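S.K.: Below is one structure. I have some questions about it.
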Amino acid sequence: MSEREYWSNVAKRPGMYIGRTTLTGLEAYLDGYHHHSVRHGGPGLDGWREWLVARRGRDCNHTWQGQVRHLALPEGWESWDLPADQEQHVIKVLFALLDEFLSEREADTRLHAPQPMNDQ
């Protein structure tokens with residue numbers, strides 16, 4: 001199963017993975033995934049924050065969580081504790097952005113993968 005497939009499954013049924021579905025719970029799950037992956041030699045979410053900043057077109061001092069909020073709520077937000085409707089919107093945008101990031105990374109990996117030699 002690819003990373004995109006895995007996260008697509010999480011997006012469809014996040015409660016199955018984290019229990020009560022909250023934005024902070026999903027953010028913690030993503031952070032845990034990243035650290036586990038890196039610890040075991042995988043790419044985790046390397047480049048995720050930078051990709052979000054490039055997508056947004058500007059930087060600030062927020063972590064990737066804040067960058068996702070900026071993209072999902074361009075008008076801004078009052079508090080890190082979002083109202084339920086905004087939280088659900090940010091979750092939806094988070095998974096869409098994550099899928100796009102992973103799609104681009106997969107394409108880049110395929111583009112730079114060693115090509116098999118043709119035996120003739």
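Letters A, B, ... mark the chains of the structure tokens in the order given; residue numbers begin at 1 per chain; ligand numbers begin at 1, in order shown.
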Considering only helix (DSSP H, G or I) as DSSP defines it on the backbone, what residues of chain A qualify? List them as a PyMOL selection string.
M.R.: chain A and resi 3-12+14-18+23-39+48-56+64-72+84-111
S.K.: Only C-alpha atoms, please: the residues just picked out, written as a compact mmCIF listing (two decimals), in the first residue's frame.
M.R.:
```txt
# COMPACT_ATOMS: atom_id res chain seq x y z
CA GLU A 3 1.47 6.33 1.40
CA ARG A 4 -1.26 7.97 -0.65
CA GLU A 5 -3.46 4.89 -0.33
CA TYR A 6 -2.82 4.70 3.40
CA TRP A 7 -3.72 8.35 3.99
CA SER A 8 -6.75 8.05 1.72
CA ASN A 9 -8.00 5.28 4.02
CA VAL A 10 -7.33 7.44 7.08
CA ALA A 11 -9.22 10.34 5.47
CA LYS A 12 -12.25 8.13 4.81
CA PRO A 14 -10.20 8.85 10.69
CA GLY A 15 -12.01 7.67 13.82
CA MET A 16 -10.89 4.13 13.07
CA TYR A 17 -7.29 5.30 13.43
CA ILE A 18 -7.42 7.91 16.19
CA LEU A 23 -7.97 18.25 14.12
CA THR A 24 -5.40 18.17 16.92
CA GLY A 25 -5.70 14.38 17.09
CA LEU A 26 -5.04 14.07 13.35
CA GLU A 27 -2.14 16.52 13.58
CA ALA A 28 -0.60 14.44 16.38
CA TYR A 29 -1.16 11.26 14.36
CA LEU A 30 0.60 12.81 11.35
CA ASP A 31 3.50 13.94 13.54
CA GLY A 32 3.81 10.45 15.03
CA TYR A 33 3.73 8.93 11.56
CA HIS A 34 6.49 11.29 10.42
CA HIS A 35 8.77 10.58 13.37
CA HIS A 36 8.28 6.82 13.12
CA SER A 37 8.96 6.84 9.39
CA VAL A 38 12.12 8.92 9.70
CA ARG A 39 13.38 6.83 12.61
CA TRP A 48 5.77 19.03 3.96
CA ARG A 49 6.01 22.43 5.67
CA GLU A 50 8.12 23.87 2.85
CA TRP A 51 5.64 22.55 0.29
CA LEU A 52 2.78 24.19 2.20
CA VAL A 53 4.66 27.51 2.36
CA ALA A 54 5.30 27.35 -1.40
CA ARG A 55 1.66 26.48 -2.00
CA ARG A 56 0.56 29.43 0.13
CA TRP A 64 2.91 22.99 9.25
CA GLN A 65 -0.31 22.95 11.32
CA GLY A 66 -0.56 26.74 11.04
CA GLN A 67 0.30 26.64 7.34
CA VAL A 68 -2.62 24.26 6.74
CA ARG A 69 -4.92 26.61 8.68
CA HIS A 70 -3.72 29.56 6.60
CA LEU A 71 -4.55 27.69 3.41
CA ALA A 72 -7.90 26.41 4.68
CA ALA A 84 -16.69 22.70 14.75
CA ASP A 85 -17.54 23.85 11.21
CA GLN A 86 -14.09 25.40 10.69
CA GLU A 87 -12.36 22.37 12.21
CA GLN A 88 -14.17 20.03 9.81
CA HIS A 89 -13.23 22.28 6.89
CA VAL A 90 -9.56 22.33 7.93
CA ILE A 91 -9.56 18.52 8.25
CA LYS A 92 -10.96 18.20 4.72
CA VAL A 93 -8.36 20.64 3.36
CA LEU A 94 -5.58 18.90 5.33
CA PHE A 95 -6.27 15.57 3.63
CA ALA A 96 -6.59 17.19 0.19
CA LEU A 97 -3.26 18.99 0.64
CA LEU A 98 -1.57 15.86 1.99
CA ASP A 99 -2.76 13.85 -1.01
CA GLU A 100 -1.46 16.49 -3.40
CA PHE A 101 1.90 16.63 -1.59
CA LEU A 102 2.29 12.84 -1.66
CA SER A 103 1.20 12.69 -5.30
CA GLU A 104 3.87 15.19 -6.29
CA ARG A 105 6.47 13.36 -4.24
CA GLU A 106 5.56 10.03 -5.86
CA ALA A 107 5.82 11.59 -9.31
CA ASP A 108 9.19 13.13 -8.43
CA THR A 109 10.44 9.79 -7.08
CA ARG A 110 9.39 8.01 -10.28
CA LEU A 111 11.04 10.71 -12.39
```
S.K.: Find the distance between atom CA of Met1 of chain A and atom CA of Gly19 of chain A and write it in Å to one decimal.
M.R.: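 Calculated distance between atom CA of Met1 of chain A and atom CA of Gly19 of chain A is 22.2 Å.
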